[in-house]
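Written below as structure tokens is the structure these notes are about.
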Amino acid sequence: MTTRRFPNDFLWGTATASFQVEGAADADGRGPSIWDTFCRKPGAVRNADNGDIACDHYHRVDEDLDLVKGLGVGSYRFSVAWPRIQPTGKGPANQPGLDFYRRLVDGLQARDVEATITLYHWDLPQALQDDGGWVVRDTAERFAEYADIVARAIGDGAARWITLNEPWCSAWRGYEVGDHAPGITDVGQAAAAHHHLLLAHGLATEVLRDATPEVPVGIALNLAALRPGTDDPLDVAATLRMDGNRNRIFLDPLFRGEYPVDMLEHYAGREPGFSVVRDGDLAIISQPLDFLGVNYYSPEIIVDATRRQAAREFGYTVPTRPESHDLAAVGVLSPGAQVTQMNWEIDASGLRELLGRTSREYTDIPLYVTENGAAYDDYVGPTGEVRDGNRTEYLRAHLGAVLDAIEDGVNVVGFFEWSLLDNFEWAFGYSRRFGLVWVDFPTGTRLPKQSYDWYAETIKANAL
Ligand code: IFM
């Protein structure tokens, strides 16, 4: 096999998010977040799991930073928990919360690892949700204040800022599908939340540039590599609707300063919906970014909702997972698809496709793969090891797709593996393991899996 090298300055990383790993839910003045509330809603999260302890990263941060260092990555991507900084989402900073992140960025600096800091990875302070959450404009303005506090407190330790992680999940899963916090099922609210999240991104970008002018700013989107299940016009049209909601409804405002007309038409009359857009908002949202983060796990194969049976006849598996009913589009699995523990189809070509399309149609700014990885049903074997060759193969294929994209001329400059640790996988609780490091949840003990060693060797070689 020939060796394929990455560019010399390619940035290697690994990632986590506050609610998924920190635990210490009541420590040092942290306020409740919408996910603390959602976890307590009967039936919302598998096994009624919650984030009270999670990986106890809050208390084990030095041990975890040693694991980061052991990988040889250039950067660690983590998120700041807004409710640790402002327990009710507004007002003065909670100093012990800032102290934790100071310790984190100093710990990274001491280990010569850059901090890639996400400001929002879904843990909205519950008090802001009580006032309307992302459906109201005020939340976007509060977010800018919070960004300013964080930037002034730890900005000297930041190598890059990511304003929001996967705002699609916050808006559409949180307010339309309802399988994520705050668990609302209302399309009009989802559309308004969508706009206010993008506005929050824009307002925070201004604030971050002012507080830390030298630190690059970007956003991480879970764009979708979509394919129609068949060439039936209904499936093609359903895929176009999904493309509107998953891709163009973000990329058009961010890079062209406008919402796609088909999506504005689709959501017209859903209140409050896009009627919340005010003059000047799109200029704030579309100010130039320094980089774009793309999170990718799986391609999505789409059929029209009326064609479930037809899809079965074509050999597709039609999962029974929550869908956007409003778009009348259903994600299916290809005949014989290989899947991860999430039941997500494995096909790395979607990553190459997505990076290529983003760069061809929207922007030539640097792209980072800000998340990619796989959940598998790992276990500690009789030799005391976690042999996760499936994860290694998944990563190898997707890193190959990154190299393909680079060879295609796409400006991909880094890759953050998701995730450093097994952690709280949202509505799946602790039942899905994405980590390079096994976490024994009852004791908190960490055990690097074989994929950890493989990733470290790949980084060291800077090659596949
Ligand atoms: O664990 C999540 C992460 O929080 C956001 N992106 C997808 C991951 C896997 O589902």
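By convention in this document, the chains of the structure tokens carry letters A, B, ... by their order, each chain's residues are numbered from 1, and ligands are numbered from 1 in the order they are shown.
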Residue set, segment 61-275 of chain A restricted to strand (DSSP E or B), as a ChimeraX atom specification
/A:75-79,114-120,125,160-165,217-221,225-228
If you count only C-alpha atoms, which residues fall within 7 Å of His201 of chain A, apart from same-chain ones fewer than 5 positions away, as an mmCIF file with C-alpha atoms, in the first residue's frame?
data_model
loop_
_atom_site.group_PDB
_atom_site.id
_atom_site.type_symbol
_atom_site.label_atom_id
_atom_site.label_comp_id
_atom_site.auth_asym_id
_atom_site.auth_seq_id
_atom_site.Cartn_x
_atom_site.Cartn_y
_atom_site.Cartn_z
ATOM 1 C CA THR A 163 -19.276 30.310 17.999
ATOM 2 C CA LEU A 164 -21.860 27.520 17.708
ATOM 3 C CA ILE A 285 -24.790 37.008 9.999
#
Could you list, as a PyMOL selection string, all protein and nucleic acid residues with an atom at most 10 Å from ligand 1, counting only C-alpha atoms and all ligand atoms?
chain A and resi 15-20+121-122+165-167+169+220-222+295-297+342+344+370-375+418-419+422-428+432-435
Which residues come within 7 Å of segment 183-198 of chain A, counting only C-alpha atoms, excluding same-chain residues fewer than 6 positions away, as number ranges by chain?
A: 134-135, 137, 140, 167, 171-172, 174-177, 270-274, 276, 285
Output of the above residues as a PDB file, in the first residue's frame, restricted to C-alpha atoms:
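Just written: out_4.pdb:
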ATOM      1  CA  TRP A 134     -33.730  30.671  21.019  1.00  0.00           C
ATOM      2  CA  VAL A 135     -37.202  31.614  19.826  1.00  0.00           C
ATOM      3  CA  ARG A 137     -34.140  37.638  20.004  1.00  0.00           C
ATOM      4  CA  ALA A 140     -28.939  36.100  20.775  1.00  0.00           C
ATOM      5  CA  PRO A 167     -27.010  25.000  15.220  1.00  0.00           C
ATOM      6  CA  ALA A 171     -32.996  24.719  16.259  1.00  0.00           C
ATOM      7  CA  TRP A 172     -34.589  21.837  14.423  1.00  0.00           C
ATOM      8  CA  GLY A 174     -34.639  21.089  19.812  1.00  0.00           C
ATOM      9  CA  TYR A 175     -37.748  22.907  18.579  1.00  0.00           C
ATOM     10  CA  GLU A 176     -39.225  20.877  15.723  1.00  0.00           C
ATOM     11  CA  VAL A 177     -38.361  17.172  16.097  1.00  0.00           C
ATOM     12  CA  ARG A 270     -45.334  29.344  10.356  1.00  0.00           C
ATOM     13  CA  GLU A 271     -45.313  31.750  13.254  1.00  0.00           C
ATOM     14  CA  PRO A 272     -43.146  33.290  14.426  1.00  0.00           C
ATOM     15  CA  GLY A 273     -40.849  31.688  11.813  1.00  0.00           C
ATOM     16  CA  PHE A 274     -38.749  33.938   9.636  1.00  0.00           C
ATOM     17  CA  VAL A 276     -38.452  37.562  13.249  1.00  0.00           C
ATOM     18  CA  ILE A 285     -24.790  37.008   9.999  1.00  0.00           C
TER      19      ILE A 285
END
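Distance-wise, atom CA of Ala405 of chain A and atom CA of Phe291 of chain A end up 16.3 Å apart.
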Rank A:Thr317, A:Gln86, A:Gln126, A:Gln109 by their smallest atom-to-atom distance to Asp156 of chain A, using only C-alpha atoms, and report the top residue only.
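Using only C-alpha atoms, Asp156 of chain A sits closest to A:Gln109.
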Which value, in Å to one decimal, gives the distance between atom CA of Ile301 of chain A and atom CA of Thr239 of chain A?
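So the answer is 8.1 Å.
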Could you find all residues in segment 30-184 of chain A that DSSP calls alpha helix (DSSP H) from the backbone, and write them as an MDAnalysis selection string?
chainID A and resid 34:39 61:71 82:85 95:110 126:130 137:154 167:168
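You will find atom CA of Asp326 of chain A at 10.1 Å from atom CA of Arg241 of chain A.
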As a list in words, please: the residues near Gly384 of chain A (cut-off 12 Å, only C-alpha atoms, same-chain neighbours under 4 positions excluded).
Tyr379, Val380, Trp438, Leu447, Pro448, Lys449 and Gln450 of chain A
Could you please take those selected residues and save N, CA, C and O atoms as a tab-separated table (two decimals), in the first residue's frame?
chain	number	residue	atom	x	y	z
A	379	TYR	N	-16.06	-3.07	24.13
A	379	TYR	CA	-16.00	-3.73	25.44
A	379	TYR	C	-14.54	-3.97	25.79
A	379	TYR	O	-13.68	-4.04	24.91
A	380	VAL	N	-14.29	-4.11	27.09
A	380	VAL	CA	-12.93	-4.42	27.52
A	380	VAL	C	-12.81	-5.94	27.48
A	380	VAL	O	-13.54	-6.65	28.16
A	438	TRP	N	-11.79	4.59	26.40
A	438	TRP	CA	-12.91	3.95	27.10
A	438	TRP	C	-13.09	4.62	28.46
A	438	TRP	O	-12.10	4.88	29.17
A	447	LEU	N	-9.40	4.21	29.87
A	447	LEU	CA	-8.54	3.21	29.26
A	447	LEU	C	-8.45	3.51	27.76
A	447	LEU	O	-9.44	3.37	27.03
A	448	PRO	N	-7.26	3.93	27.29
A	448	PRO	CA	-7.14	4.19	25.85
A	448	PRO	C	-7.44	2.93	25.05
A	448	PRO	O	-6.98	1.84	25.39
A	449	LYS	N	-8.22	3.08	24.00
A	449	LYS	CA	-8.56	1.94	23.13
A	449	LYS	C	-7.45	1.78	22.09
A	449	LYS	O	-6.59	2.65	21.94
A	450	GLN	N	-7.53	0.72	21.31
A	450	GLN	CA	-6.51	0.54	20.26
A	450	GLN	C	-6.57	1.69	19.26
A	450	GLN	O	-5.54	2.08	18.71
One residue among A:Ala127, A:Ala329, A:Ala158, A:Ala200 is nearest to Pro216 of chain A when using only C-alpha atoms, and that residue is A:Ala158
For Glu214 of chain A, work out the shell of residues within 10 Å, counting only C-alpha atoms and skipping chain neighbours fewer than 5 positions away, then give it as a PyMOL selection string.
chain A and resi 155-156+158-160+208-209
